[in-house]
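Reproduced below: upload04.txt, with compact mmCIF, C-alpha atoms and all ligand atoms.
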# COMPACT_ATOMS: atom_id res chain seq x y z
CA MET Q 1 9.32 53.48 -79.64
CA MET Q 2 8.63 50.22 -77.79
CA ARG Q 3 5.61 49.63 -79.99
CA GLU Q 4 7.49 50.53 -83.16
CA LEU Q 5 10.12 47.95 -82.30
CA GLY Q 6 7.56 45.31 -81.36
CA LEU Q 7 8.98 44.79 -77.85
CA ASP Q 8 7.10 42.42 -75.55
CA ALA Q 9 9.03 43.43 -72.41
CA TYR Q 10 10.81 46.53 -71.15
CA ARG Q 11 13.18 46.94 -68.22
CA PHE Q 12 13.29 50.19 -66.29
CA SER Q 13 14.14 51.27 -62.76
CA LEU Q 14 12.25 53.11 -60.05
CA SER Q 15 13.75 56.16 -58.43
CA TRP Q 16 13.69 55.52 -54.67
CA SER Q 17 13.44 59.23 -53.80
CA ARG Q 18 10.65 59.85 -56.30
CA ILE Q 19 8.56 57.38 -54.27
CA LEU Q 20 9.96 58.02 -50.78
CA PRO Q 21 11.20 61.63 -50.78
CA ASN Q 22 12.96 61.18 -47.42
CA GLY Q 23 14.34 57.77 -48.31
CA LEU Q 24 12.50 56.29 -45.32
CA ALA Q 25 9.05 54.75 -45.70
CA ASN Q 26 7.14 57.11 -43.38
CA LYS Q 27 6.09 59.32 -46.29
CA VAL Q 28 5.07 58.10 -49.76
CA SER Q 29 4.81 60.56 -52.64
CA ASP Q 30 1.42 60.24 -54.35
CA ALA Q 31 2.76 62.06 -57.40
CA GLY Q 32 5.68 59.63 -57.64
CA VAL Q 33 3.39 56.62 -57.40
CA GLU Q 34 1.05 58.10 -60.01
CA PHE Q 35 3.98 58.70 -62.37
CA TYR Q 36 4.93 55.02 -62.29
CA ASN Q 37 1.31 53.85 -62.38
CA ASN Q 38 0.83 55.72 -65.67
CA TYR Q 39 4.10 54.36 -67.03
CA ILE Q 40 3.30 50.75 -66.13
CA ASP Q 41 -0.33 50.95 -67.28
CA GLU Q 42 0.68 52.30 -70.68
CA MET Q 43 3.12 49.43 -71.20
CA ILE Q 44 0.59 46.81 -70.17
CA LYS Q 45 -2.02 48.35 -72.48
CA TYR Q 46 0.23 47.37 -75.40
CA GLY Q 47 1.22 43.94 -74.13
CA ILE Q 48 4.67 45.07 -72.97
CA LYS Q 49 5.68 43.33 -69.73
CA PRO Q 50 7.44 45.63 -67.26
CA MET Q 51 10.62 44.28 -65.66
CA VAL Q 52 11.37 46.63 -62.78
CA THR Q 53 14.66 47.33 -61.00
CA LEU Q 54 14.29 48.80 -57.52
CA TYR Q 55 17.74 50.35 -57.37
CA HIS Q 56 19.77 51.59 -60.32
CA TRP Q 57 22.25 53.82 -58.48
CA ASP Q 58 20.18 56.78 -57.23
CA LEU Q 59 20.18 56.62 -53.44
CA PRO Q 60 18.08 59.28 -51.64
CA GLN Q 61 20.43 61.98 -50.39
CA LYS Q 62 19.28 61.63 -46.77
CA LEU Q 63 20.34 57.99 -46.73
CA GLN Q 64 23.64 58.83 -48.40
CA ASP Q 65 24.24 61.47 -45.72
CA LEU Q 66 23.80 58.67 -43.18
CA GLY Q 67 26.55 56.65 -44.86
CA GLY Q 68 24.51 54.97 -47.60
CA PHE Q 69 25.54 51.35 -48.15
CA MET Q 70 28.08 51.60 -45.31
CA ASN Q 71 25.36 52.02 -42.69
CA PRO Q 72 24.44 48.66 -41.07
CA LEU Q 73 20.80 49.80 -41.22
CA PHE Q 74 20.91 49.84 -45.01
CA PRO Q 75 19.28 46.38 -45.40
CA GLU Q 76 16.29 47.55 -43.33
CA TRP Q 77 15.87 50.76 -45.31
CA PHE Q 78 15.94 48.77 -48.52
CA GLU Q 79 13.38 46.23 -47.30
CA ASP Q 80 11.02 49.04 -46.22
CA TYR Q 81 11.30 50.68 -49.64
CA ALA Q 82 10.82 47.33 -51.40
CA ARG Q 83 7.64 46.64 -49.45
CA VAL Q 84 6.15 49.95 -50.60
CA VAL Q 85 6.84 49.28 -54.28
CA PHE Q 86 5.67 45.63 -54.16
CA GLU Q 87 2.45 46.84 -52.56
CA LYS Q 88 1.89 49.71 -55.03
CA PHE Q 89 2.89 48.06 -58.31
CA GLY Q 90 3.01 44.29 -57.74
CA ASP Q 91 -0.49 43.76 -59.10
CA ARG Q 92 0.96 44.53 -62.57
CA VAL Q 93 4.72 44.03 -62.26
CA LYS Q 94 5.67 40.34 -62.24
CA HIS Q 95 9.44 40.61 -62.72
CA TRP Q 96 11.40 42.36 -59.98
CA ILE Q 97 15.13 43.06 -59.79
CA THR Q 98 16.42 44.31 -56.44
CA PHE Q 99 19.76 45.85 -57.48
CA ASN Q 100 21.37 46.79 -60.75
CA GLU Q 101 25.05 45.85 -60.79
CA PRO Q 102 26.36 45.56 -57.21
CA ARG Q 103 29.92 45.79 -58.55
CA GLU Q 104 29.35 49.24 -59.96
CA ILE Q 105 27.58 50.33 -56.74
CA CYS Q 106 30.19 48.94 -54.36
CA PHE Q 107 33.51 48.84 -56.19
CA GLU Q 108 33.07 52.04 -58.19
CA GLY Q 109 31.08 53.94 -55.54
CA TYR Q 110 32.92 52.97 -52.35
CA GLY Q 111 36.22 51.62 -53.63
CA SER Q 112 37.69 53.10 -56.79
CA ALA Q 113 35.64 56.32 -56.42
CA THR Q 114 34.60 56.39 -60.06
CA LYS Q 115 30.84 56.55 -59.47
CA ALA Q 116 28.60 58.19 -56.87
CA PRO Q 117 29.13 58.67 -53.97
CA ILE Q 118 32.83 58.74 -55.03
CA LEU Q 119 33.89 57.53 -51.63
CA ASN Q 120 37.54 56.63 -51.62
CA ALA Q 121 37.65 53.77 -49.10
CA THR Q 122 39.75 51.50 -51.29
CA ASP Q 123 40.74 49.09 -48.52
CA VAL Q 124 37.32 48.17 -47.10
CA GLY Q 125 34.56 50.07 -48.94
CA VAL Q 126 33.78 47.49 -51.61
CA TYR Q 127 33.66 44.63 -49.08
CA TYR Q 128 31.47 46.33 -46.46
CA CYS Q 129 29.14 47.56 -49.19
CA ALA Q 130 28.90 44.10 -50.78
CA LYS Q 131 27.76 42.51 -47.54
CA ASN Q 132 25.17 45.18 -46.73
CA LEU Q 133 23.87 45.13 -50.30
CA VAL Q 134 23.48 41.37 -50.36
CA MET Q 135 21.74 41.40 -46.96
CA GLY Q 136 19.38 44.12 -48.22
CA HIS Q 137 18.67 42.08 -51.32
CA ALA Q 138 17.83 39.01 -49.23
CA ARG Q 139 15.52 40.99 -46.93
CA ALA Q 140 13.62 42.39 -49.92
CA TYR Q 141 13.42 38.90 -51.45
CA TYR Q 142 11.88 37.40 -48.29
CA ALA Q 143 9.47 40.33 -48.02
CA TYR Q 144 8.30 39.54 -51.54
CA VAL Q 145 8.20 35.78 -51.16
CA ASN Q 146 6.39 35.79 -47.81
CA ASP Q 147 4.00 38.70 -48.14
CA PHE Q 148 3.42 39.47 -51.82
CA LYS Q 149 4.29 36.52 -54.05
CA PRO Q 150 1.40 34.33 -52.82
CA SER Q 151 -1.13 36.80 -54.24
CA GLN Q 152 0.95 38.56 -56.91
CA GLU Q 153 2.65 35.47 -58.35
CA GLY Q 154 5.74 37.21 -59.69
CA VAL Q 155 9.47 36.55 -59.48
CA CYS Q 156 12.31 38.44 -57.83
CA GLY Q 157 16.01 38.36 -58.72
CA ILE Q 158 19.12 40.52 -58.89
CA THR Q 159 21.16 41.85 -61.82
CA ILE Q 160 24.94 41.50 -61.73
CA SER Q 161 27.43 42.80 -64.32
CA VAL Q 162 29.05 39.71 -65.75
CA ASN Q 163 31.72 40.32 -68.33
CA TRP Q 164 33.64 37.24 -69.35
CA PHE Q 165 37.16 36.84 -67.91
CA GLY Q 166 39.07 33.92 -69.37
CA ALA Q 167 42.75 33.06 -68.83
CA LEU Q 168 45.35 34.52 -71.19
CA THR Q 169 47.17 31.16 -71.37
CA ASP Q 170 46.51 27.58 -70.27
CA SER Q 171 49.00 27.87 -67.39
CA GLU Q 172 47.74 27.04 -63.91
CA GLU Q 173 48.77 30.52 -62.72
CA ASP Q 174 46.72 32.28 -65.40
CA GLN Q 175 43.74 29.96 -64.80
CA PHE Q 176 43.83 30.87 -61.12
CA ALA Q 177 44.29 34.58 -61.93
CA ALA Q 178 41.17 34.46 -64.15
CA GLU Q 179 39.20 32.79 -61.37
CA MET Q 180 40.32 35.53 -58.92
CA LYS Q 181 39.24 38.19 -61.41
CA ARG Q 182 35.82 36.53 -61.75
CA GLN Q 183 35.48 36.28 -57.95
CA ALA Q 184 36.39 39.98 -57.58
CA GLU Q 185 34.15 41.24 -60.38
CA TRP Q 186 31.00 39.17 -59.80
CA GLY Q 187 31.62 36.33 -57.36
CA LEU Q 188 31.54 38.78 -54.44
CA TYR Q 189 27.86 39.39 -55.16
CA ALA Q 190 26.74 36.15 -56.86
CA GLU Q 191 28.39 33.62 -54.55
CA PRO Q 192 26.48 34.49 -51.34
CA ILE Q 193 23.15 34.14 -53.21
CA PHE Q 194 23.71 31.42 -55.81
CA SER Q 195 26.40 29.08 -54.43
CA GLU Q 196 25.65 26.03 -52.31
CA GLU Q 197 28.15 27.05 -49.60
CA GLY Q 198 27.03 30.68 -49.28
CA GLY Q 199 29.19 33.59 -48.12
CA PHE Q 200 31.91 35.42 -50.03
CA PRO Q 201 34.07 33.50 -52.54
CA LYS Q 202 36.43 31.29 -50.59
CA GLU Q 203 39.78 31.87 -52.32
CA LEU Q 204 39.26 35.63 -52.49
CA ALA Q 205 38.32 35.71 -48.79
CA GLU Q 206 41.52 33.81 -47.97
CA ILE Q 207 43.68 36.23 -49.95
CA VAL Q 208 42.09 39.30 -48.34
CA ALA Q 209 42.42 37.81 -44.84
CA LYS Q 210 46.12 37.02 -45.42
CA LYS Q 211 46.91 40.44 -46.90
CA SER Q 212 44.95 42.22 -44.15
CA ALA Q 213 47.04 40.49 -41.50
CA GLU Q 214 50.28 41.41 -43.33
CA GLN Q 215 49.05 45.00 -43.58
CA GLY Q 216 48.46 45.24 -39.82
CA TYR Q 217 44.66 45.15 -39.76
CA PRO Q 218 43.33 43.47 -36.61
CA ARG Q 219 40.85 41.49 -38.71
CA SER Q 220 40.21 40.79 -42.39
CA ARG Q 221 39.16 43.82 -44.43
CA MET Q 222 36.46 41.56 -45.87
CA PRO Q 223 33.65 40.98 -43.35
CA GLU Q 224 32.38 37.45 -42.85
CA PHE Q 225 28.87 36.11 -43.13
CA SER Q 226 27.90 34.18 -39.99
CA ASP Q 227 26.44 30.70 -40.62
CA GLU Q 228 23.02 32.13 -39.92
CA GLU Q 229 23.58 34.96 -42.41
CA LYS Q 230 24.86 32.52 -45.03
CA ASP Q 231 21.69 30.45 -44.72
CA PHE Q 232 19.56 33.57 -44.79
CA VAL Q 233 21.05 34.81 -48.09
CA LYS Q 234 21.52 31.51 -49.95
CA GLY Q 235 18.92 30.87 -52.64
CA THR Q 236 17.30 34.30 -52.43
CA ALA Q 237 16.76 34.78 -56.16
CA ASP Q 238 14.28 33.34 -58.61
CA PHE Q 239 16.63 34.30 -61.44
CA LEU Q 240 20.02 35.80 -62.14
CA GLY Q 241 19.91 38.95 -64.25
CA VAL Q 242 23.10 39.42 -66.24
CA ASN Q 243 24.35 42.69 -67.69
CA HIS Q 244 26.88 41.58 -70.24
CA TYR Q 245 28.97 43.76 -72.51
CA THR Q 246 32.50 42.56 -73.08
CA ALA Q 247 35.42 40.34 -71.99
CA GLY Q 248 39.08 40.34 -70.97
CA LEU Q 249 41.96 37.86 -70.90
CA VAL Q 250 43.56 37.58 -67.50
CA SER Q 251 47.20 36.97 -66.62
CA ALA Q 252 48.98 36.27 -63.35
CA THR Q 253 52.09 38.17 -64.47
CA GLU Q 254 51.45 40.30 -67.58
CA TYR Q 255 49.50 43.51 -68.27
CA LYS Q 256 49.37 44.63 -64.66
CA THR Q 257 48.57 48.27 -63.94
CA HIS Q 258 49.03 50.33 -60.80
CA HIS Q 259 46.32 50.10 -58.11
CA PRO Q 260 46.02 51.75 -54.71
CA VAL Q 261 47.31 49.65 -51.80
CA PRO Q 262 45.31 48.19 -50.13
CA SER Q 263 42.42 47.71 -52.56
CA LEU Q 264 40.42 44.95 -54.21
CA TYR Q 265 42.59 45.05 -57.34
CA ASP Q 266 45.76 45.03 -55.27
CA ASP Q 267 44.34 42.06 -53.36
CA ILE Q 268 43.86 39.97 -56.50
CA ASP Q 269 46.96 41.39 -58.23
CA VAL Q 270 46.26 40.20 -61.80
CA GLY Q 271 46.60 41.79 -65.24
CA SER Q 272 43.96 41.99 -67.94
CA TYR Q 273 44.33 42.21 -71.70
CA THR Q 274 42.05 42.80 -74.67
CA PRO Q 275 43.42 41.85 -78.10
CA PRO Q 276 43.76 44.84 -80.45
CA GLU Q 277 41.65 43.11 -83.10
CA TRP Q 278 38.53 43.25 -80.89
CA PRO Q 279 36.47 46.15 -82.32
CA LYS Q 280 36.30 49.25 -80.09
CA SER Q 281 33.19 51.20 -79.11
CA ALA Q 282 33.04 54.79 -77.84
CA SER Q 283 33.45 53.51 -74.24
CA SER Q 284 37.00 52.70 -73.17
CA TRP Q 285 35.84 49.54 -71.38
CA LEU Q 286 33.65 48.13 -74.14
CA LYS Q 287 35.03 45.99 -76.99
CA LEU Q 288 33.38 43.34 -79.08
CA ALA Q 289 34.71 40.03 -77.77
CA PRO Q 290 34.03 36.69 -79.49
CA ASN Q 291 31.16 34.58 -78.11
CA SER Q 292 31.43 36.15 -74.66
CA ILE Q 293 27.76 35.70 -73.72
CA TYR Q 294 28.15 31.97 -74.30
CA ASN Q 295 31.38 31.83 -72.28
CA ALA Q 296 29.93 33.77 -69.33
CA LEU Q 297 26.55 32.07 -69.14
CA THR Q 298 27.71 28.48 -69.64
CA HIS Q 299 30.27 29.08 -66.88
CA LEU Q 300 27.63 30.41 -64.47
CA HIS Q 301 25.21 27.67 -65.49
CA LYS Q 302 27.70 25.01 -64.40
CA LYS Q 303 28.92 26.85 -61.34
CA TYR Q 304 25.49 27.60 -59.89
CA ASN Q 305 23.63 24.48 -60.91
CA GLY Q 306 21.54 25.77 -63.79
CA PRO Q 307 19.74 28.89 -62.53
CA ILE Q 308 17.21 30.82 -64.62
CA PHE Q 309 18.87 33.73 -66.43
CA TYR Q 310 17.76 36.94 -68.04
CA ILE Q 311 20.19 39.09 -69.99
CA THR Q 312 19.07 42.42 -68.59
CA GLU Q 313 21.54 44.65 -70.50
CA ASN Q 314 23.68 44.24 -73.58
CA GLY Q 315 24.65 46.90 -76.08
CA TRP Q 316 27.16 49.13 -77.83
CA SER Q 317 28.16 52.80 -77.60
CA SER Q 318 28.99 55.27 -80.32
CA PRO Q 319 30.14 58.91 -80.14
CA PRO Q 320 27.42 61.58 -80.40
CA GLU Q 321 28.53 62.60 -83.89
CA ALA Q 322 28.39 59.04 -85.29
CA ASP Q 323 26.33 58.30 -88.40
CA ILE Q 324 22.75 57.19 -87.84
CA LEU Q 325 23.58 54.25 -90.13
CA ASP Q 326 25.25 52.49 -87.20
CA ASP Q 327 26.65 49.35 -88.74
CA ASP Q 328 29.04 48.86 -85.80
CA ARG Q 329 26.10 48.55 -83.39
CA ILE Q 330 24.35 46.16 -85.78
CA ARG Q 331 27.50 44.01 -85.96
CA TYR Q 332 27.56 43.94 -82.13
CA TYR Q 333 23.91 42.92 -81.75
CA ARG Q 334 24.24 40.23 -84.41
CA ALA Q 335 27.28 38.77 -82.68
CA ALA Q 336 25.54 38.95 -79.29
CA LEU Q 337 22.33 37.33 -80.48
CA ASN Q 338 24.26 34.55 -82.22
CA SER Q 339 26.03 33.99 -78.91
CA VAL Q 340 22.60 33.85 -77.22
CA LEU Q 341 21.59 31.08 -79.65
CA ASP Q 342 24.77 29.11 -78.82
CA THR Q 343 23.96 29.57 -75.13
CA LEU Q 344 20.44 28.26 -75.54
CA GLU Q 345 21.70 25.29 -77.55
CA ALA Q 346 24.05 24.45 -74.67
CA GLY Q 347 21.00 23.99 -72.43
CA VAL Q 348 21.25 27.21 -70.41
CA ASP Q 349 17.89 28.34 -69.03
CA LEU Q 350 17.97 31.83 -70.53
CA ARG Q 351 14.46 33.29 -70.52
CA GLY Q 352 14.87 36.77 -71.94
CA TYR Q 353 17.15 39.35 -73.56
CA MET Q 354 17.08 43.14 -73.14
CA ALA Q 355 19.10 45.49 -75.31
CA TRP Q 356 20.79 48.51 -73.73
CA SER Q 357 19.35 50.78 -74.64
CA LEU Q 358 16.07 51.80 -76.20
CA MET Q 359 17.28 55.39 -76.60
CA ASP Q 360 20.32 57.53 -75.84
CA ASN Q 361 20.44 58.64 -72.23
CA PHE Q 362 22.66 60.23 -69.61
CA GLU Q 363 25.62 57.92 -69.27
CA TRP Q 364 26.78 58.57 -65.68
CA MET Q 365 30.30 60.10 -65.55
CA GLU Q 366 30.39 60.26 -69.36
CA GLY Q 367 27.19 62.31 -69.65
CA TYR Q 368 25.95 62.54 -73.24
CA THR Q 369 29.31 61.69 -74.84
CA GLU Q 370 28.60 57.96 -75.20
CA ARG Q 371 25.40 56.93 -76.95
CA PHE Q 372 23.89 53.47 -76.46
CA GLY Q 373 20.46 54.00 -78.01
CA LEU Q 374 18.70 52.14 -80.77
CA TYR Q 375 17.08 55.56 -81.07
CA ARG Q 376 19.18 58.71 -81.29
CA VAL Q 377 18.08 61.54 -78.99
CA ASN Q 378 18.83 65.13 -79.92
CA PHE Q 379 19.64 66.62 -76.51
CA SER Q 380 19.97 70.15 -77.99
CA ASP Q 381 16.33 70.03 -79.03
CA PRO Q 382 13.91 71.13 -76.26
CA GLY Q 383 11.52 68.41 -77.50
CA ARG Q 384 14.33 65.82 -77.35
CA GLU Q 385 13.67 64.61 -80.90
CA ARG Q 386 14.10 60.83 -81.23
CA THR Q 387 15.17 59.18 -84.46
CA PRO Q 388 15.55 55.45 -85.03
CA ARG Q 389 19.08 54.46 -85.96
CA LYS Q 390 19.56 51.76 -88.60
CA SER Q 391 20.11 49.34 -85.69
CA ALA Q 392 16.53 49.98 -84.51
CA PHE Q 393 15.14 48.83 -87.85
CA VAL Q 394 17.41 45.79 -87.90
CA TYR Q 395 16.61 44.91 -84.27
CA LYS Q 396 12.91 45.09 -85.07
CA GLN Q 397 13.34 42.76 -88.04
CA ILE Q 398 15.42 40.32 -86.03
CA ILE Q 399 12.99 39.99 -83.13
CA LYS Q 400 10.07 39.67 -85.55
CA SER Q 401 11.59 37.22 -88.03
CA ARG Q 402 14.06 35.50 -85.66
CA MET Q 403 16.59 35.74 -88.50
CA ILE Q 404 19.79 37.30 -87.22
CA ASP Q 405 22.19 37.50 -90.12
CA GLU Q 406 19.89 38.48 -92.97
CA GLU Q 407 21.02 41.69 -94.69
CA TYR Q 408 18.55 44.56 -94.58
CA GLU Q 409 18.76 47.79 -96.53
CA PRO Q 410 17.50 50.88 -94.68
CA ASP Q 411 14.84 51.77 -97.28
CA THR Q 412 13.29 48.30 -97.18
CA LEU Q 413 13.06 48.21 -93.40
CA ASP Q 414 9.59 48.41 -91.93
CA MET Q 415 8.94 50.72 -88.96
CA THR Q 416 5.14 50.73 -88.94
CA ILE Q 417 3.39 49.86 -85.70
CA ASP Q 418 1.95 46.37 -85.73
CA GLU Q 419 -1.74 46.67 -84.83
CA GLY Q 420 -1.46 43.49 -82.80
CA ASN Q 421 1.02 45.24 -80.54
C1 LIG Q 501 26.09 51.27 -70.42
C2 LIG Q 501 25.33 50.75 -69.23
O1 LIG Q 501 26.25 50.07 -68.40
C3 LIG Q 501 25.80 49.57 -67.18
O2 LIG Q 501 26.91 49.61 -66.35
C4 LIG Q 501 28.11 49.06 -66.70
C5 LIG Q 501 29.24 49.74 -66.32
C6 LIG Q 501 30.49 49.21 -66.57
C7 LIG Q 501 30.61 48.00 -67.20
N1 LIG Q 501 31.89 47.49 -67.46
O3 LIG Q 501 32.01 46.45 -68.05
O4 LIG Q 501 32.89 48.12 -67.13
C8 LIG Q 501 29.47 47.32 -67.59
C9 LIG Q 501 28.21 47.86 -67.33
C10 LIG Q 501 24.69 50.33 -66.44
O5 LIG Q 501 23.85 49.43 -65.75
C11 LIG Q 501 23.83 51.20 -67.35
O6 LIG Q 501 23.19 52.19 -66.59
C12 LIG Q 501 24.65 51.85 -68.43
O7 LIG Q 501 25.58 52.71 -67.85
Write-out of the structure in structure tokens:
Amino acid sequence: MMRELGLDAYRFSLSWSRILPNGLANKVSDAGVEFYNNYIDEMIKYGIKPMVTLYHWDLPQKLQDLGGFMNPLFPEWFEDYARVVFEKFGDRVKHWITFNEPREICFEGYGSATKAPILNATDVGVYYCAKNLVMGHARAYYAYVNDFKPSQEGVCGITISVNWFGALTDSEEDQFAAEMKRQAEWGLYAEPIFSEEGGFPKELAEIVAKKSAEQGYPRSRMPEFSDEEKDFVKGTADFLGVNHYTAGLVSATEYKTHHPVPSLYDDIDVGSYTPPEWPKSASSWLKLAPNSIYNALTHLHKKYNGPIFYITENGWSSPPEADILDDDRIRYYRAALNSVLDTLEAGVDLRGYMAWSLMDNFEWMEGYTERFGLYRVNFSDPGRERTPRKSAFVYKQIIKSRMIDEEYEPDTLDMTIDEGN
């Protein structure tokens, strides 16, 4: 499928427990390493660069039983695991991502309890997790930079989910509410690594400290980074990977919904709105918002002094029964890629774009009910038959011709494998 599309890069993740069955680095699975060696070698054979994520949400059970991201030893465990994979695969993998989407790991896993491990610690879970995760990221980064990069010459970054949150109105209150939403959704994870000051976002930290005191906590529910820790974490990324899907308009007073007290969303206490005219996908959270890649990336570009970006995920879901002639997905990719062009024109250092996803897959809590693939997968078929959707043909034509808005008819679209690839 990668060859049919003419891809020159592919992002995938490693399963920690497939490589270290106990989670800890005392025992490495030869079969696990061989599995990924074959996978990586096959890509490289066809000129497809692997971009590898170390952690995309599957923590070894033993480590989860020990508290997972809540355990202060988590950063060490992660560094040990990272060292094994850099050593095994770093001769061929030159683009490393430590974590996929800290927000979904920490907020959804340890706060709102909507993703594994479904731990309902709404008051502190997201904040404790965020600090341990960021410390683990920094330890893995230094392991790479000090002990592997000199010979392997690759780069190491982190991928954060960055949807665009603008203000509903021009009022000062709504502008501040939008900034609080951005700090809660991605600043918690980006700020310690990419800001000049380091540590958690300042205004959010102040709000949480104030509310914690009012709520009778002896200290802020959000842990602090010591000065030493701030310096340790600052600048530990060669690039910022961005998973971008959608946007919301934020209000200080309107569109508020109920949240547990205390919790991150109660702390920021803002409302969010999506205009009804924004087209809807099969996922409740995903709507097609105008020029949102441009809005998000130009904002981050200014805020963090022009870092290197990769868009590491971007895509559209349809229900399983949807037609294979998926014009809604094509409309989404055209809009997104036009927004990428605007972003590049604005001088943002965006080095790559990855669609989510090559093929339908298991979509976490939603299982097989939301399909993101350029290729449809028939999950009732024991052979898991794969069929290119119309969007696959169009995507192939776009990346080959660099023409985004040209109209293609399905029977004129070319799906032969280019011998050069
Ligand atoms: C569809 C892919 O989404 C990624 O995760 C999310 C989850 C939620 C949002 N959101 O805006 O609410 C954005 C991205 C994830 O990395 C991938 O595995 C897929 O689930």
At a cut-off of 7 Å, can you tabulate as CSV every residue of segment 118-168 of chain Q near segment 75-93 of chain Q together with its closest atom pair and the distance in Å to one decimal, using all atoms listed in the file and ordering rows by chain then number?
residue,atom,partner,partner_atom,distance
Q:Asn132,CA,Q:Pro75,CA,6.2
Q:Leu133,CA,Q:Pro75,CA,6.8
Q:Met135,CA,Q:Pro75,CA,5.8
Q:Gly136,CA,Q:Pro75,CA,3.6
Q:Arg139,CA,Q:Glu79,CA,5.7
Q:Ala140,CA,Q:Glu79,CA,4.7
Q:Ala143,CA,Q:Arg83,CA,6.7
Q:Phe148,CA,Q:Phe86,CA,7.0
Q:Gln152,CA,Q:Asp91,CA,5.8
Which protein, DNA or RNA residues have an atom within 10 Å of ligand LIG 501 (chain Q), counting all atoms listed in the file, as a VMD selection string? chain Q and resid 13 56 to 57 99 to 105 108 115 159 to 164 185 242 to 248 283 to 287 312 to 317 356 to 357 361 to 367 370 to 373
Give me the residues within 9 Å of Thr169 of chain Q as a ChimeraX atom specification, counting all atoms listed in the file and dropping any in the same chain fewer than 6 places off. /Q:175,249-251
Quick one, how far is atom CA of Leu240 of chain Q from atom CA of Ser15 of chain Q?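 Between atom CA of Leu240 of chain Q and atom CA of Ser15 of chain Q the gap works out to 21.6 Å.
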Nearby residues (all atoms listed in the file) at most 7 Å from segment 200-208 of chain Q, same-chain spacing under 2 positions excluded, as a list in words: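 Here the qualifying residues turn out to be Met180, Gln183, Gly187, Leu188, Glu191, Pro192, Gly198, Lys210, Lys211, Ser212, Ser220, Arg221, Met222 and Asp267 of chain Q.
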Set up a box along x, y and z of the file covering all listed atoms of segment 189-196 of chain Q, add 8 Å on every one of the six sides, and write the centre and edge lengths in Å to one decimal, as AutoDock Vina command-line options.
--center_x 25.8 --center_y 32.7 --center_z -54.1 --size_x 21.2 --size_y 29.4 --size_z 21.5
Hey, what's within 12 Å of segment 296-308 of chain Q if we count only C-alpha atoms and toss same-chain stuff fewer than 3 positions away? As a ChimeraX atom specification, please? /Q:155-158,160-166,179,182-183,186-187,190-198,234-248,289-293,311,339-352
Same residues, C-alpha atoms, output as a CSV table (one decimal), in the coordinates of the input:
chain,number,residue,atom,x,y,z
Q,155,VAL,CA,9.5,36.6,-59.5
Q,156,CYS,CA,12.3,38.4,-57.8
Q,157,GLY,CA,16.0,38.4,-58.7
Q,158,ILE,CA,19.1,40.5,-58.9
Q,160,ILE,CA,24.9,41.5,-61.7
Q,161,SER,CA,27.4,42.8,-64.3
Q,162,VAL,CA,29.0,39.7,-65.8
Q,163,ASN,CA,31.7,40.3,-68.3
Q,164,TRP,CA,33.6,37.2,-69.4
Q,165,PHE,CA,37.2,36.8,-67.9
Q,166,GLY,CA,39.1,33.9,-69.4
Q,179,GLU,CA,39.2,32.8,-61.4
Q,182,ARG,CA,35.8,36.5,-61.8
Q,183,GLN,CA,35.5,36.3,-58.0
Q,186,TRP,CA,31.0,39.2,-59.8
Q,187,GLY,CA,31.6,36.3,-57.4
Q,190,ALA,CA,26.7,36.2,-56.9
Q,191,GLU,CA,28.4,33.6,-54.6
Q,192,PRO,CA,26.5,34.5,-51.3
Q,193,ILE,CA,23.2,34.1,-53.2
Q,194,PHE,CA,23.7,31.4,-55.8
Q,195,SER,CA,26.4,29.1,-54.4
Q,196,GLU,CA,25.6,26.0,-52.3
Q,197,GLU,CA,28.2,27.0,-49.6
Q,198,GLY,CA,27.0,30.7,-49.3
Q,234,LYS,CA,21.5,31.5,-50.0
Q,235,GLY,CA,18.9,30.9,-52.6
Q,236,THR,CA,17.3,34.3,-52.4
Q,237,ALA,CA,16.8,34.8,-56.2
Q,238,ASP,CA,14.3,33.3,-58.6
Q,239,PHE,CA,16.6,34.3,-61.4
Q,240,LEU,CA,20.0,35.8,-62.1
Q,241,GLY,CA,19.9,39.0,-64.2
Q,242,VAL,CA,23.1,39.4,-66.2
Q,243,ASN,CA,24.4,42.7,-67.7
Q,244,HIS,CA,26.9,41.6,-70.2
Q,245,TYR,CA,29.0,43.8,-72.5
Q,246,THR,CA,32.5,42.6,-73.1
Q,247,ALA,CA,35.4,40.3,-72.0
Q,248,GLY,CA,39.1,40.3,-71.0
Q,289,ALA,CA,34.7,40.0,-77.8
Q,290,PRO,CA,34.0,36.7,-79.5
Q,291,ASN,CA,31.2,34.6,-78.1
Q,292,SER,CA,31.4,36.2,-74.7
Q,293,ILE,CA,27.8,35.7,-73.7
Q,311,ILE,CA,20.2,39.1,-70.0
Q,339,SER,CA,26.0,34.0,-78.9
Q,340,VAL,CA,22.6,33.8,-77.2
Q,341,LEU,CA,21.6,31.1,-79.6
Q,342,ASP,CA,24.8,29.1,-78.8
Q,343,THR,CA,24.0,29.6,-75.1
Q,344,LEU,CA,20.4,28.3,-75.5
Q,345,GLU,CA,21.7,25.3,-77.6
Q,346,ALA,CA,24.0,24.4,-74.7
Q,347,GLY,CA,21.0,24.0,-72.4
Q,348,VAL,CA,21.2,27.2,-70.4
Q,349,ASP,CA,17.9,28.3,-69.0
Q,350,LEU,CA,18.0,31.8,-70.5
Q,351,ARG,CA,14.5,33.3,-70.5
Q,352,GLY,CA,14.9,36.8,-71.9
Counting all atoms listed in the file, which residue out of Q:Leu73, Q:Thr98, Q:Phe379, Q:Met51 sits closest to Trp16 of chain Q? Q:Thr98
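Across Q:Trp278, Q:Phe232, Q:Phe393, Q:Phe225, the tightest approach to Lys131 of chain Q is made by Q:Phe225 when counting all atoms listed in the file.
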